[in-house]
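Undergrad: Questions regarding the structure given below will be posed in turn.
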Amino acid sequence: MTGLLGLPNSMLQQLRTTRKLTGKVSPPCHIRRGYSADTVADHRGANSQGPQLMLTRDEPRRPYLLWSVRARRHRREKEERREGAMALLAKVGGAAVSVLLEKGFERAICELQQICRVPQEMQRLVTTLNLIKEVLQDAEAKQMADEAVGHWLREVKQVFFDAEDLVDEHTTDAAQQSTGADGRKKIREIHARIDHLAREKHMLGLQVSQSPAAVESRRLELTRRRQTSSLLADENSVIGRHAEKEEIIQFLLSSSTHTEAETSNNRSFSVLPIVGIGGTGKTTLARLVFNDRRVRTHFQLVIWVCISIVFDVERVTEEIISGSSAPGRKEEPSQSSHWDWMQNELRRKVEGRTLLLVLDDVWEANPFKWEKLFEPLKFAGEGSKLLITTRNRAAVDMIRGRMDSILLKGLSDDHMWCLFKRYAFGGVTDAYGTIATEYFHLEGIGRCMLPRLKGSPLAVRTVGSLLSTELDAEHWITVLESKLWELPQGPDDIFPALSLSYQYLRGDLKNCFAYCSLFPTNHQFNKEEVVQLWMAQCFVTRERGRRIEATGCRYFEELLYRSFFEPSNSKENNYVMPDLIHQLAEYASLDDCFRVEEYPGSSMEISDTVRHISLQVTEFDRGLQEELCRHRKLRTLLFLERCVFDDLRSYGLDELFLKLKRLRVLRLCGCELTELPSSIGGLKHLRYLDLTGSYRLQKLPETFCDLYNLQVLKLFGCNCFGAFPPRTSELINLRHLQADYELVSDIDGLRELTGLQELKVSGRAVGELGRLCKLRRLEILYLKDVHSREEAVQARLGSKEHLQELSLEWSDCVDPETLARNADPVNRALQEDVLQALHPVATIRELEIQRYGGVRPPLWMVDPPTWSSFCLESIDLCGCPNWEVLPSLGLLRRLKSLQLRHMHGVRQLHLEPPFFPSLEVLHVCDLPQWEQWKGPEGAGSGNNITGSRPPPHKQASISSCFFPRLRELNIRDCPKLGELPTLPPTLRQLNLLAVGVTHLPELWGCRRDKGDQEEASSSGSSSATAALVEISISRCPKLTSVMGLLRQHLTALQKLSIWSCQELASGLPEKGLGHLASLRILYMWKCPKLTPRSRQPEEEEDGEAPSLPLPRSLEHLQIVDCGDAMGGWWWGGLQHLTSLSHLMLVGCPSTAASFFTSVGRHRHHRRLAATLTELKIRDCGLAGHQQGSSHVSTSSSVPLLPGPTSPGDATGGFWVLTSLTKLELCRSSHLLQHGPLPWSLRSLTIAGDDNLITDECMSACLRDLTSLKELTISRFENLCSLTRTLSGLSALESLEIKFCPAVQSLPEMGLPPSLQRLVIRGCPALAEHCRSQQGPEWSKISHIPFVYM
């Protein structure tokens, strides 16, 4: 028999009796997490047994949530079955007692044994618990079928927790040489509970496991994996959603804007929902659409807002406003009415502008909230669209006037198999996806799993990652035949697939994963922070010879690999849990974790078994305090947001700390506290304390120093904090201290904190560092305060064998010249002595030296045997103005990243064997005296590798050794550097800014483009594939040629940018750039001497040219002030482009003339006309055109009258640009004479060129522009009137008339009624006539909502 939600009636009966139900009753805890009280009442089953839940309807309804789950009155039957399935899963996966609890208890006993003898009473406790441990695995296997076993197992779990806390408390007392008053009494109580459970285990028929070691070994084997690379979340990695993507894009770009229902609602936008169950890829599909180039250019505003379960209209409105604002600009609300201001501000932001708004992960089904949100959006421009993703169809059914939903179903079998192979066989397939022969036998098993994954990409990724850990038939069949597949499931459910991967986690990983349910959905978390939280809860097992942080990081990587975590798209080094995975974590932690997102005041019910609570509340009132104090066994209390504590500063936290004495984690970030109560010293178990951002906090109580177990203390952003208490040095277990370095430096007895892993201090505290041998990250500032070499020696950096990162900074002065002047000889010698004394251990990984005034590097950086023994992977040398010779950095075989900044004395950079064998990133900035790379003899004349070349046989052997793994080279502000060495084919990014180079070097080993093959490669005959993706050259005044690099076969190059290289003349390859087959972006700016090396390529009869100046792949092209001699050459490339979408021509009239007289006449030109969406032409005036027309072989006389009036008459000009949506003509308006403008145009700007624009010409060009929404007419000093055609622009929403002083009136027929925005600037006569209520033109603009003059 089953009751409500599909749960067994026996379970419901047990849940009902967990608390006496009288009067107002809240549902049991695990039900409340899925439903509100009203929803439970609505879903009460007819066959439920036992007492019914008495629910009151007169309680105040407040928009607050527990467990982030909204009340849903119309939950589908599938959702009910899923709830029941996950409740069962919580019993199986969440109670991994055999591994989780025994490890925690054993750890506590081991720590006690290290301090003192285990008391006799506690030894008996250990013996009894060991008897129970023997049957735990059998109990876990039987709990699914036997409810009594499940109940027994949950009781065992609580006893183990209590026993662990008891031992931990006894260990702390023994370490502090104090005695707990009620220790014996607590032991007797736990003895009684354990004896009872021991008797029950026989009644339940539980048996001793045959070989627990073998089972655990099997679990460990399951987590071992091959070293494979992670898949990137890019567009190419998305499989099987192309058809849906194109369907949505077609709708978004369509001219139809609303349905009949929308018209009745006065809406200007359409709503398209994407509906599907969790894990089917709704968000991924929305991202594909949102980032598509066609969509981004079609809409004026594109905004993404994640709704999640809590639909807070004010928050959503605020995020839409933020998304429509300029980057970095924050709007401030009015003080009178926050909501009124937001609605009016949103209306102002979207009014008259075409908007694409994506609302991701919508759950809300309240029609009143939808209408409240839509009120200001009704003023958006015609054609605006709203795209919604949701798994709750009821949410979109409540939206009136919506379009038919896109029902996102599971992937097809073929697509599923492709995705499955990627994750399950990723390391054993070839480039075509063929599975290696030795694993063919697994294909049949894998295909049998596909139907059970329900077409879900998330399920495939999760299960595939699990299977890939062991490509073994036994393992795969075990997964296939798992009983968890038999959980109740609807036809679309995928929870069994996800829960199966969870079941196969090791016990410690299960606990770590479930603990993350304390974070809200879509919460971004940092790996280091999460690992520290796990450590505080003792989830991370200590391993001999390994730091516990390293073990925790391995746990994190394990979960990341298995797809339980994924990298955040918005913030580097942050991670999130996918929606469905987060729900899995919630249910796996059902009995242990509870999340309060808003406190409902009168009816919050938290299970007595809960040990971890997180709160996302803004006000902490008395009711919430009392509820928390009731749960005295809490181990975690996380305030995830800034919280106001009302009047509780004096007594609220004090009472909380007095009651919650088992807390191990306390997070009070951003809370407005001035001080902590002294009762915090009683939290003997506390290991993690985070007070970050508590800007009012002034001090910590003296009892704070009694926190013997404290491992992590975070005080960043506590600006009012004065000083640490005197006994802070007694916190000997402190491992991570994050606070202002001045405060840390003032800690009395800092040297006693020997457990610290990271530290940031001032130079005056350098003598305190000697005993801190466990440091891994050390930053010392203001080393100028160190007065002698002897003082620096006391730091004993050479003995800190765990040190990985070291930063040494002498001053906060950022000007190298000032540093050089202020460093007198005595001071320089002292600084040299100090740096020599700070000789770090050779195993260090990262070294940073800043603002050092010494003339010479220390001996440990100069002596080759010593220096080459270092394991450095990253070096950053900044602001050392007196160094003229750098150490031999090339000797460091493991060096991956090198930064040299503001080194004003350096003249040479030495390249010595082994020539930076591992270097991947080289950044050089502001080395004004740097002249050359100094290499070994044979590398070039005078040992200068950039001098004359050695013989080819020596050149190949030497040049191929330089930077063999370099991926990124950035050099800026090095005006004396004349040349670069030959670069490796591994280079992906080359950036040069203000460098004195005359030419670009070749990549060694890479072949040149055909036509240059007769010339040997600069580094021998070997052929390597170039990895170069981006080249950016800016402000290099001596650069004359880029041919050496660009004539090579750069198949991966996507972006080429050359800016302001005044001497670049004939430097482009003779055959052009057509061989750069992947080039998408080309910017050529201000290279006035640029001339073609050959004549313009002649077109053959079929339209093909023997060589193409520009590659067909080009999408963005900007040619700015590069001289008109290149006009024919550019046009020779333009006419063959098939993907160009953005074109800018500035100061090249010949190219512009050729474009408008020839485009559309040939089939190749028609391709260009069909793809171009944005065209900007500036400074291509008539005089320049007439002068430059002789350079253009295809040009003829330019018509001076309006061109054809229909497509059939057009052979060139604007008319053929059928995809053009944006056109800007600045000081080039005579080009308007090349025929009418295309109907597709949405934005038009015309500026400059007096006397070249007439009313007749403008009228002809603006005629029939039915899609034009934005028009700007600027800087026509002699323009006397505006064309009457303006009144016929039916879609026009924005009109700007700027700096046209002769215009005195608007068109006689007025302006179009669609106009929403009018700007008049620099037109004094017109502005005067349009003055409100007085001017003669006022009646023509009175209907326009926004007028700016």
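By order of appearance in the structure tokens: chains A, B, ..., then residues from 1 within every chain, and ligands from 1 in the order shown.
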Could you pull out all residues of region 406-526 of chain A with a DSSP call of strand (DSSP E or B) and give them as a list in words?
TA: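 In region 406-526 of chain A, DSSP puts these residues in strand (DSSP E or B): Ile406, Leu407, Thr429, Ile435, Phe525 and Asn526 of chain A.
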Undergrad: How about saving the chosen residues, C-alpha atoms kept, as a tab-separated table (two decimals), in the first residue's frame?
TA:
```
chain	number	residue	atom	x	y	z
A	406	ILE	CA	8.83	23.88	-27.99
A	407	LEU	CA	8.60	20.48	-26.29
A	429	THR	CA	38.18	6.25	-29.79
A	435	ILE	CA	35.97	2.42	-30.64
A	525	PHE	CA	31.34	28.00	-5.19
A	526	ASN	CA	35.11	27.98	-5.04
```
Undergrad: If you count only C-alpha atoms, which residues fall within 8 Å of region 1141-1143 of chain A, apart from same-chain ones fewer than 6 positions away, as a PyMOL selection string?
TA: chain A and resi 1115-1118+1171-1176
Undergrad: So which residues touch Pro1345 (chain A) within 10 Å, counting only C-alpha atoms, skipping near sequence neighbours fewer than 5 positions away, as an MDAnalysis selection string?
TA: chainID A and resid 348 351:352 1315:1318
Undergrad: Give me a file of those residues, with C-alpha atoms, as a tab-separated table (two decimals), in the first residue's frame.
TA:
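Output file part_35.tsv follows:
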```tsv
chain	number	residue	atom	x	y	z
A	348	ARG	CA	12.52	53.61	-20.17
A	351	GLU	CA	10.78	51.45	-24.77
A	352	GLY	CA	10.97	51.45	-28.52
A	1315	LEU	CA	8.19	57.31	-33.16
A	1316	GLN	CA	9.12	56.83	-29.50
A	1317	ARG	CA	12.29	58.90	-29.23
A	1318	LEU	CA	13.36	62.20	-30.79
```
Undergrad: For CA of Pro726 (chain A) and CA of Gln177 (chain A), determine how far apart the two atoms are, in Å to one decimal place.
TA: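 Answer for the CA of Pro726 (chain A) to CA of Gln177 (chain A) separation: 20.0 Å.
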Undergrad: For region 636-642 of chain A, work out the shell of residues within 9 Å, counting only C-alpha atoms and skipping chain neighbours fewer than 5 positions away, then give it as a list in words.
TA: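 Contacts, in chain order: Leu518, Phe519, Gln537, Cys593, Arg611, His612, Ile613, Ser614, Leu615, Gln616, Val617, Thr618, Glu619, Arg662, Leu663, Arg664, Val665, Leu666, Arg667, Leu668, Cys669, Gly670, Cys671, Glu672, Gly693 and Ser694 of chain A.
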Undergrad: Env of Glu1063 (chain A): 12 Å cut, atoms = only C-alpha atoms, seq-sep filter 5 positions within chain, self excluded. Answer as JSON, numbers by chain.
TA: {"A": [996, 997, 998, 999, 1035, 1036, 1037, 1038, 1039, 1040, 1041, 1042, 1058, 1086, 1087, 1088, 1089, 1090, 1091, 1122, 1123]}
Undergrad: Have a look at A:Arg184, A:Arg777, A:His839, A:Lys1055 and name the one nearest to Val793 (chain A); count only C-alpha atoms.
TA: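 Comparing A:Arg184, A:Arg777, A:His839, A:Lys1055 against Val793 (chain A), the winner is A:His839.
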Undergrad: Figure out the distance between CA of Gln1048 (chain A) and CA of Arg1007 (chain A), please, to one decimal in Å.
TA: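 Atom-to-atom, CA of Arg1007 (chain A) to CA of Gln1048 (chain A), that is 5.9 Å.
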Undergrad: Using only C-alpha atoms, which of A:Leu408, A:Val786, A:Met1258, A:Leu356 sits nearest Ile274 (chain A)?
TA: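 Answer, going by the shortest atom-to-atom distance: A:Leu408.
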Undergrad: Just the residues within 7 Å of Glu758 (chain A), please, counting only C-alpha atoms, with nothing from its chain fewer than 3 positions along; format it as a ChimeraX atom specification.
TA: /A:736-737,775-778
Undergrad: Export, as a PDB file, in the first residue's frame, the selected residues with N, CA and C atoms.
TA:
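That gives us selection.pdb:
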```
ATOM      1  N   HIS A 736      44.514  28.041   7.982  1.00  0.00           N
ATOM      2  CA  HIS A 736      44.274  29.070   6.970  1.00  0.00           C
ATOM      3  C   HIS A 736      43.809  30.340   7.674  1.00  0.00           C
ATOM      4  N   LEU A 737      44.614  31.389   7.580  1.00  0.00           N
ATOM      5  CA  LEU A 737      44.309  32.678   8.202  1.00  0.00           C
ATOM      6  C   LEU A 737      44.278  33.732   7.102  1.00  0.00           C
ATOM      7  N   LEU A 775      54.059  26.128   5.878  1.00  0.00           N
ATOM      8  CA  LEU A 775      53.559  27.132   4.930  1.00  0.00           C
ATOM      9  C   LEU A 775      53.684  26.639   3.494  1.00  0.00           C
ATOM     10  N   ARG A 776      52.630  26.865   2.728  1.00  0.00           N
ATOM     11  CA  ARG A 776      52.643  26.545   1.297  1.00  0.00           C
ATOM     12  C   ARG A 776      52.515  27.808   0.446  1.00  0.00           C
ATOM     13  N   ARG A 777      51.918  28.830   1.023  1.00  0.00           N
ATOM     14  CA  ARG A 777      51.758  30.100   0.310  1.00  0.00           C
ATOM     15  C   ARG A 777      52.170  31.222   1.254  1.00  0.00           C
ATOM     16  N   LEU A 778      53.175  31.988   0.857  1.00  0.00           N
ATOM     17  CA  LEU A 778      53.705  33.042   1.716  1.00  0.00           C
ATOM     18  C   LEU A 778      53.886  34.317   0.909  1.00  0.00           C
TER      19      LEU A 778
END
```
Undergrad: Would you mind listing what lies within 12 Å of Gln794 (chain A) as a PyMOL selection string, with only C-alpha atoms counted and same-chain residues fewer than 3 positions away left out?
TA: chain A and resi 751+763-772+786+788-791+797-799+834+837-839
Undergrad: Between A:Ile399, A:Leu386, A:Leu691, A:Met1126, single out the one closest to Leu272 (chain A), counting only C-alpha atoms.
TA: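 Comparing A:Ile399, A:Leu386, A:Leu691, A:Met1126 against Leu272 (chain A), the winner is A:Leu386.
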Undergrad: For Thr1283 (chain A), which of A:Leu1311, A:Ala1170, A:Val460, A:Leu847 is the closest residue, counting only C-alpha atoms?
TA: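 Among the listed residues, A:Leu1311 lies closest to Thr1283 (chain A).
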